[in-house]
file query27.json (JSON, C-alpha atoms and all ligand atoms)
[["chain", "number", "residue", "atom", "x", "y", "z"],
["A", 871, "MET", "CA", 0.00, 0.00, 0.00],
["A", 872, "VAL", "CA", 1.73, 3.18, -1.14],
["A", 873, "ARG", "CA", 0.11, 6.58, -0.80],
["A", 874, "GLU", "CA", 1.32, 9.58, -2.77],
["A", 875, "LEU", "CA", 3.40, 11.98, -0.73],
["A", 876, "THR", "CA", 5.11, 15.16, -1.86],
["A", 877, "ASP", "CA", 8.89, 15.52, -2.28],
["A", 878, "ASN", "CA", 8.92, 18.15, 0.46],
["A", 879, "HIS", "CA", 7.27, 15.74, 2.85],
["A", 880, "ASP", "CA", 9.83, 13.06, 2.04],
["A", 881, "GLN", "CA", 12.68, 15.49, 2.52],
["A", 882, "LEU", "CA", 11.39, 16.61, 5.90],
["A", 883, "TRP", "CA", 10.94, 13.02, 7.07],
["A", 884, "ASN", "CA", 14.39, 12.06, 5.84],
["A", 885, "GLY", "CA", 15.68, 14.80, 8.11],
["A", 886, "TYR", "CA", 13.68, 13.44, 11.04],
["A", 887, "SER", "CA", 15.11, 9.96, 10.34],
["A", 888, "GLN", "CA", 18.64, 11.12, 11.04],
["A", 889, "VAL", "CA", 18.30, 10.31, 14.73],
["A", 890, "PHE", "CA", 17.86, 6.63, 13.82],
["A", 891, "LEU", "CA", 20.26, 6.60, 10.87],
["A", 892, "GLU", "CA", 23.01, 7.65, 13.26],
["A", 893, "MET", "CA", 22.31, 4.80, 15.69],
["A", 894, "ASP", "CA", 24.30, 1.59, 15.36],
["A", 895, "ASP", "CA", 22.33, -1.58, 14.59],
["A", 896, "LEU", "CA", 22.20, -2.81, 18.17],
["A", 897, "SER", "CA", 21.06, 0.54, 19.60],
["A", 898, "LEU", "CA", 18.37, 0.80, 16.94],
["A", 899, "ALA", "CA", 17.18, -2.77, 17.63],
["A", 900, "ARG", "CA", 17.07, -2.07, 21.37],
["A", 901, "TRP", "CA", 15.10, 1.16, 20.91],
["A", 902, "MET", "CA", 12.59, -0.70, 18.75],
["A", 903, "ALA", "CA", 12.25, -3.62, 21.16],
["A", 904, "GLN", "CA", 11.64, -1.26, 24.07],
["A", 905, "THR", "CA", 9.07, 0.73, 22.10],
["A", 906, "LEU", "CA", 7.30, -2.44, 20.95],
["A", 907, "GLY", "CA", 7.02, -3.33, 24.63],
["A", 908, "GLN", "CA", 5.21, -0.01, 25.19],
["A", 909, "PHE", "CA", 2.91, -0.68, 22.22],
["A", 910, "SER", "CA", 1.88, -4.02, 23.62],
["A", 911, "GLY", "CA", -1.76, -4.40, 24.65],
["A", 912, "HIS", "CA", -3.08, -1.35, 22.80],
["A", 913, "ALA", "CA", -4.61, -0.31, 19.48],
["A", 914, "TRP", "CA", -2.70, 2.78, 18.36],
["A", 915, "ARG", "CA", -3.72, 5.65, 16.15],
["A", 916, "LEU", "CA", -1.38, 5.92, 13.17],
["A", 917, "SER", "CA", -1.15, 9.64, 13.92],
["A", 918, "HIS", "CA", 0.22, 9.02, 17.42],
["A", 919, "PRO", "CA", 3.67, 10.68, 17.60],
["A", 920, "LEU", "CA", 5.23, 7.59, 19.15],
["A", 921, "LEU", "CA", 3.96, 5.45, 16.31],
["A", 922, "MET", "CA", 5.14, 7.96, 13.70],
["A", 923, "THR", "CA", 8.55, 7.99, 15.36],
["A", 924, "TYR", "CA", 8.59, 4.22, 15.41],
["A", 925, "GLU", "CA", 7.87, 4.24, 11.68],
["A", 926, "LEU", "CA", 11.11, 6.17, 11.08],
["A", 927, "ALA", "CA", 13.03, 3.61, 13.12],
["A", 928, "ALA", "CA", 11.26, 0.78, 11.29],
["A", 929, "HIS", "CA", 12.29, 2.18, 7.90],
["A", 930, "ALA", "CA", 15.90, 2.59, 9.02],
["A", 931, "ALA", "CA", 15.93, -0.98, 10.35],
["A", 932, "HIS", "CA", 14.28, -2.30, 7.21],
["A", 933, "ASP", "CA", 16.83, -0.57, 4.94],
["A", 934, "ARG", "CA", 19.64, -2.07, 7.02],
["A", 935, "GLN", "CA", 17.94, -5.50, 7.01],
["A", 936, "ILE", "CA", 18.26, -5.72, 10.77],
["A", 937, "TRP", "CA", 15.37, -8.17, 11.07],
["A", 938, "LEU", "CA", 16.19, -10.23, 7.99],
["A", 939, "LYS", "CA", 19.70, -10.73, 9.31],
["A", 940, "GLY", "CA", 18.29, -11.74, 12.69],
["A", 941, "MET", "CA", 20.06, -8.88, 14.46],
["A", 942, "GLY", "CA", 16.92, -7.46, 16.05],
["A", 943, "ILE", "CA", 15.40, -8.44, 19.37],
["A", 944, "ILE", "CA", 11.83, -9.68, 18.99],
["A", 945, "PRO", "CA", 9.98, -9.08, 22.28],
["A", 946, "ALA", "CA", 8.55, -12.26, 23.81],
["A", 947, "GLU", "CA", 4.89, -11.54, 23.04],
["A", 948, "TYR", "CA", 5.52, -10.78, 19.35],
["A", 949, "THR", "CA", 5.98, -13.20, 16.46],
["A", 950, "ALA", "CA", 8.09, -12.55, 13.35],
["A", 951, "ALA", "CA", 6.12, -11.30, 10.32],
["A", 952, "GLU", "CA", 6.43, -13.51, 7.26],
["A", 953, "CYS", "CA", 6.95, -10.51, 4.97],
["A", 954, "CYS", "CA", 10.16, -9.16, 6.50],
["A", 955, "ARG", "CA", 10.84, -11.13, 9.72],
["A", 956, "ALA", "CA", 10.25, -8.01, 11.84],
["A", 957, "PRO", "CA", 7.94, -8.27, 14.89],
["A", 958, "LEU", "CA", 4.39, -8.50, 13.59],
["A", 959, "LEU", "CA", 2.75, -5.09, 14.03],
["A", 960, "PRO", "CA", -0.29, -4.97, 11.71],
["A", 961, "VAL", "CA", -1.99, -1.79, 10.52],
["A", 962, "LEU", "CA", -5.73, -1.65, 9.84],
["A", 963, "SER", "CA", -6.45, 0.76, 6.98],
["A", 964, "ARG", "CA", -9.28, 1.50, 4.58],
["A", 965, "ASP", "CA", -7.51, -0.79, 2.08],
["A", 966, "VAL", "CA", -8.03, -3.82, 4.31],
["A", 967, "PHE", "CA", -10.27, -5.68, 1.88],
["A", 968, "ASN", "CA", -7.73, -5.53, -0.99],
["A", 969, "PHE", "CA", -4.45, -5.45, 0.91],
["A", 970, "GLY", "CA", -5.30, -7.06, 4.25],
["A", 971, "LEU", "CA", -3.46, -5.84, 7.34],
["A", 972, "VAL", "CA", -0.26, -4.04, 6.38],
["A", 973, "CYS", "CA", 3.12, -4.53, 8.05],
["A", 974, "LYS", "CA", 4.32, -1.44, 9.94],
["A", 975, "HIS", "CA", 7.90, -2.37, 9.10],
["A", 976, "CYS", "CA", 7.97, -3.02, 5.35],
["A", 977, "GLY", "CA", 4.58, -1.76, 4.14],
["A", 978, "GLU", "CA", 3.65, -5.10, 2.56],
["A", 979, "THR", "CA", 0.61, -7.19, 3.42],
["A", 980, "CYS", "CA", 1.37, -9.08, 6.62],
["A", 981, "VAL", "CA", -2.08, -10.68, 7.08],
["A", 982, "ALA", "CA", -4.20, -11.13, 3.94],
["A", 983, "PHE", "CA", -7.94, -10.49, 4.28],
["A", 984, "ALA", "CA", -8.57, -14.18, 3.56],
["A", 985, "ASP", "CA", -6.38, -15.12, 6.54],
["A", 986, "LEU", "CA", -8.31, -13.04, 9.07],
["A", 987, "PRO", "CA", -10.36, -15.06, 11.56],
["A", 988, "GLU", "CA", -13.73, -16.14, 10.16],
["A", 989, "GLU", "CA", -15.64, -14.41, 12.97],
["A", 990, "LEU", "CA", -14.02, -11.04, 12.15],
["A", 991, "LYS", "CA", -14.27, -11.19, 8.36],
["A", 992, "PRO", "CA", -17.96, -10.20, 7.97],
["A", 993, "ARG", "CA", -17.56, -7.14, 10.25],
["A", 994, "ILE", "CA", -14.40, -5.97, 8.52],
["A", 995, "ASP", "CA", -15.87, -6.68, 5.08],
["A", 996, "LYS", "CA", -18.98, -4.62, 5.88],
["A", 997, "TRP", "CA", -16.88, -1.81, 7.35],
["A", 998, "SER", "CA", -14.63, -1.77, 4.31],
["A", 999, "SER", "CA", -17.46, -1.61, 1.79],
["A", 1000, "ASP", "CA", -19.21, 1.15, 3.79],
["A", 1001, "TYR", "CA", -15.91, 2.99, 3.89],
["A", 1002, "ASP", "CA", -15.31, 2.59, 0.15],
["A", 1003, "GLU", "CA", -18.70, 4.08, -0.56],
["A", 1004, "ALA", "CA", -17.95, 7.18, 1.55],
["A", 1005, "HIS", "CA", -14.37, 7.50, 0.34],
["A", 1006, "GLY", "CA", -15.37, 7.15, -3.31],
["A", 1007, "VAL", "CA", -17.22, 10.49, -3.16],
["A", 1008, "ALA", "CA", -13.84, 12.25, -3.00],
["A", 1009, "HIS", "CA", -12.85, 10.65, -6.31],
["A", 1010, "TRP", "CA", -16.02, 11.07, -8.33],
["A", 1011, "GLU", "CA", -14.50, 13.72, -10.60],
["A", 1012, "GLU", "CA", -11.37, 11.72, -11.50],
["A", 1013, "ASP", "CA", -13.57, 8.64, -11.94],
["A", 1014, "GLY", "CA", -15.31, 10.57, -14.73],
["A", 1015, "LYS", "CA", -18.56, 11.06, -12.83],
["A", 1016, "LYS", "CA", -20.43, 14.30, -13.44],
["A", 1017, "LEU", "CA", -20.53, 16.21, -10.16],
["A", 1018, "PRO", "CA", -24.04, 17.11, -8.98],
["A", 1019, "PRO", "CA", -24.77, 20.76, -8.06],
["A", 1020, "ASP", "CA", -24.87, 19.87, -4.36],
["A", 1021, "TYR", "CA", -21.50, 18.08, -4.47],
["A", 1022, "ASP", "CA", -20.02, 20.14, -1.63],
["A", 1023, "LYS", "CA", -22.82, 18.98, 0.64],
["A", 1024, "LEU", "CA", -22.40, 15.34, -0.44],
["A", 1025, "PHE", "CA", -18.64, 15.62, 0.14],
["A", 1026, "GLU", "CA", -19.26, 16.93, 3.65],
["A", 1027, "LEU", "CA", -21.72, 14.10, 4.38],
["A", 1028, "ALA", "CA", -19.21, 11.56, 3.09],
["A", 1029, "ALA", "CA", -16.51, 13.06, 5.31],
["A", 1030, "GLN", "CA", -18.87, 12.77, 8.30],
["A", 1031, "SER", "CA", -19.51, 9.10, 7.45],
["A", 1032, "ALA", "CA", -15.76, 8.50, 7.19],
["A", 1033, "GLU", "CA", -15.23, 10.10, 10.61],
["A", 1034, "LYS", "CA", -17.78, 7.73, 12.14],
["A", 1035, "LEU", "CA", -16.35, 4.70, 10.34],
["A", 1036, "LEU", "CA", -12.79, 5.53, 11.36],
["A", 1037, "ALA", "CA", -14.00, 5.91, 14.94],
["A", 1038, "GLN", "CA", -15.58, 2.47, 14.64],
["A", 1039, "ALA", "CA", -12.27, 1.07, 13.33],
["A", 1040, "GLY", "CA", -10.47, 2.53, 16.33],
["A", 1041, "SER", "CA", -13.00, 1.63, 18.99],
["A", 1042, "GLU", "CA", -14.24, -1.77, 17.77],
["A", 1043, "LEU", "CA", -12.28, -3.37, 14.93],
["A", 1044, "ALA", "CA", -8.71, -2.61, 15.99],
["A", 1045, "PRO", "CA", -9.35, -3.66, 19.63],
["A", 1046, "SER", "CA", -10.84, -6.94, 18.42],
["A", 1047, "LEU", "CA", -7.57, -7.60, 16.55],
["A", 1048, "LEU", "CA", -5.75, -7.34, 19.87],
["A", 1049, "GLU", "CA", -7.05, -10.82, 20.64],
["A", 1050, "LEU", "CA", -4.72, -12.03, 17.87],
["A", 1051, "TYR", "CA", -1.77, -9.63, 17.97],
["A", 1052, "PRO", "CA", 0.04, -7.97, 20.88],
["A", 1053, "ALA", "CA", -0.41, -4.52, 19.33],
["A", 1054, "VAL", "CA", -2.12, -3.05, 16.29],
["A", 1055, "ALA", "CA", -2.33, 0.36, 14.63],
["A", 1056, "TRP", "CA", -5.27, 1.86, 12.79],
["A", 1057, "GLU", "CA", -5.49, 4.61, 10.22],
["A", 1058, "ASP", "CA", -7.23, 7.59, 11.79],
["A", 1059, "GLN", "CA", -7.42, 10.05, 8.92],
["A", 1060, "ASP", "CA", -8.53, 10.39, 5.32],
["A", 1061, "GLU", "CA", -6.60, 12.92, 3.29],
["A", 1062, "CYS", "CA", -8.95, 12.63, 0.29],
["A", 1063, "LEU", "CA", -12.04, 13.48, 2.36],
["A", 1064, "GLU", "CA", -10.08, 16.01, 4.46],
["A", 1065, "VAL", "CA", -10.71, 14.06, 7.66],
["A", 1066, "ARG", "CA", -7.98, 14.80, 10.22],
["A", 1067, "PRO", "CA", -7.09, 12.64, 13.23],
["A", 1068, "GLU", "CA", -8.64, 15.23, 15.57],
["A", 1069, "ASP", "CA", -11.96, 14.81, 13.72],
["A", 1070, "VAL", "CA", -12.06, 11.13, 14.66],
["A", 1071, "ASP", "CA", -13.42, 10.96, 18.14],
["A", 1072, "ILE", "CA", -13.26, 7.70, 20.05],
["A", 1101, "ZN", "ZN", 6.99, -6.73, 6.83]]

call {"tool": "encode", "arguments": {"input": "query27.json", "output": "structure tokens", "more": "lines below"}}
Ligand SMILES: [Zn+2]
result
Amino acid sequence: MVRELTDNHDQLWNGYSQVFLEMDDLSLARWMAQTLGQFSGHAWRLSHPLLMTYELAAHAAHDRQIWLKGMGIIPAEYTAAECCRAPLLPVLSRDVFNFGLVCKHCGETCVAFADLPEELKPRIDKWSSDYDEAHGVAHWEEDGKKLPPDYDKLFELAAQSAEKLLAQAGSELAPSLLELYPAVAWEDQDECLEVRPEDVDI
């Protein structure tokens, strides 16, 4: 799952990454293991600063193949993800139906939708199709659909639906995944519908 980001954004985040790029492999692995310990037992907003910071560390570790080489320390409660051998930290996003749960470390699918527990699939499937319907409103124009005169109102209603659905992801779906994984993260914004993390109230 790759979302478009601007060059300026990348440049800024590369700068932020320096703190981890300067760490040696062992220090980086220790920082990650300790932080994973803090993540344990909770469903985290993707916008949480600690999780965003962890993402920088995860990218640095992934580039240096710390997990593939077995140099990292996997905390006891975590298992190694099949995609990149890093501790399994799945992310629930609006792309869950097509991409499954996404690995926080390498960005690949770490749990395919088909591999989710049977009892969770119908809820997540329903959530995902409701979400697609709301999200699609933001893309009507590029999808070649003629915009109705009251499009602004429809856009606002779709954004309100997305806020409610994201809140449901954070308060119901992500916590139910904690029965399977020590920690999970969930996407708490929608840039296309202009929904910010602070709009998603749980
Ligand atoms: Zn991975």

call {"tool": "closest_residue", "arguments": {"input": "query27.json", "among": "A:Ala913, A:Ala1044, A:Leu971, A:Val1065", "to": "ligand ZN 1101 (chain A)", "atoms": "all atoms listed in the file"}}
result
A:Leu971

call {"tool": "residues_near_ligand", "arguments": {"input": "query27.json", "ligand": "ligand ZN 1101 (chain A)", "cutoff": "6 Å", "atoms": "all atoms listed in the file", "output": "NGL selection string"}}
result
:A and (951 or 953-954 or 973 or 975-976 or 978)

call {"tool": "closest_residue", "arguments": {"input": "query27.json", "among": "A:Arg955, A:Arg915, A:Asp1058, A:Pro1018", "to": "Met941 (chain A)", "atoms": "all atoms listed in the file"}}
result
A:Arg955

call {"tool": "atom_distance", "arguments": {"input": "query27.json", "atom1": "CA of Ala930 (chain A)", "atom2": "CA of Leu891 (chain A)"}}
result
6.2 Å

call {"tool": "axis_aligned_box", "arguments": {"input": "query27.json", "around": "region 944-954 of chain A", "padding_each_side": "4 Å", "output": "AutoDock Vina command-line options"}}
result
--center_x 8.4 --center_y -11.3 --center_z 14.4 --size_x 14.9 --size_y 12.4 --size_z 26.8

call {"tool": "closest_atom_pairs", "arguments": {"input": "query27.json", "of": "region 879-982 of chain A", "to": "region 993-997 of chain A", "cutoff": "10 Å", "atoms": "all atoms listed in the file", "output": "JSON lines"}}
result
{"residue": "A:Leu962", "atom": "CA", "partner": "A:Ile994", "partner_atom": "CA", "distance": 9.8}
{"residue": "A:Arg964", "atom": "CA", "partner": "A:Trp997", "partner_atom": "CA", "distance": 8.7}
{"residue": "A:Val966", "atom": "CA", "partner": "A:Ile994", "partner_atom": "CA", "distance": 7.9}
{"residue": "A:Phe967", "atom": "CA", "partner": "A:Asp995", "partner_atom": "CA", "distance": 6.5}

call {"tool": "closest_residue", "arguments": {"input": "query27.json", "among": "A:Glu892, A:Glu989, A:Pro1067, A:Leu1050", "to": "Pro919 (chain A)", "atoms": "all atoms listed in the file"}}
result
A:Pro1067

call {"tool": "closest_residue", "arguments": {"input": "query27.json", "among": "A:His912, A:Lys1016, A:His918, A:His932", "to": "Glu1057 (chain A)", "atoms": "only C-alpha atoms"}}
result
A:His918

call {"tool": "closest_residue", "arguments": {"input": "query27.json", "among": "A:Gln904, A:Ser910, A:Ser1046, A:Ser897", "to": "Leu986 (chain A)", "atoms": "only C-alpha atoms"}}
result
A:Ser1046
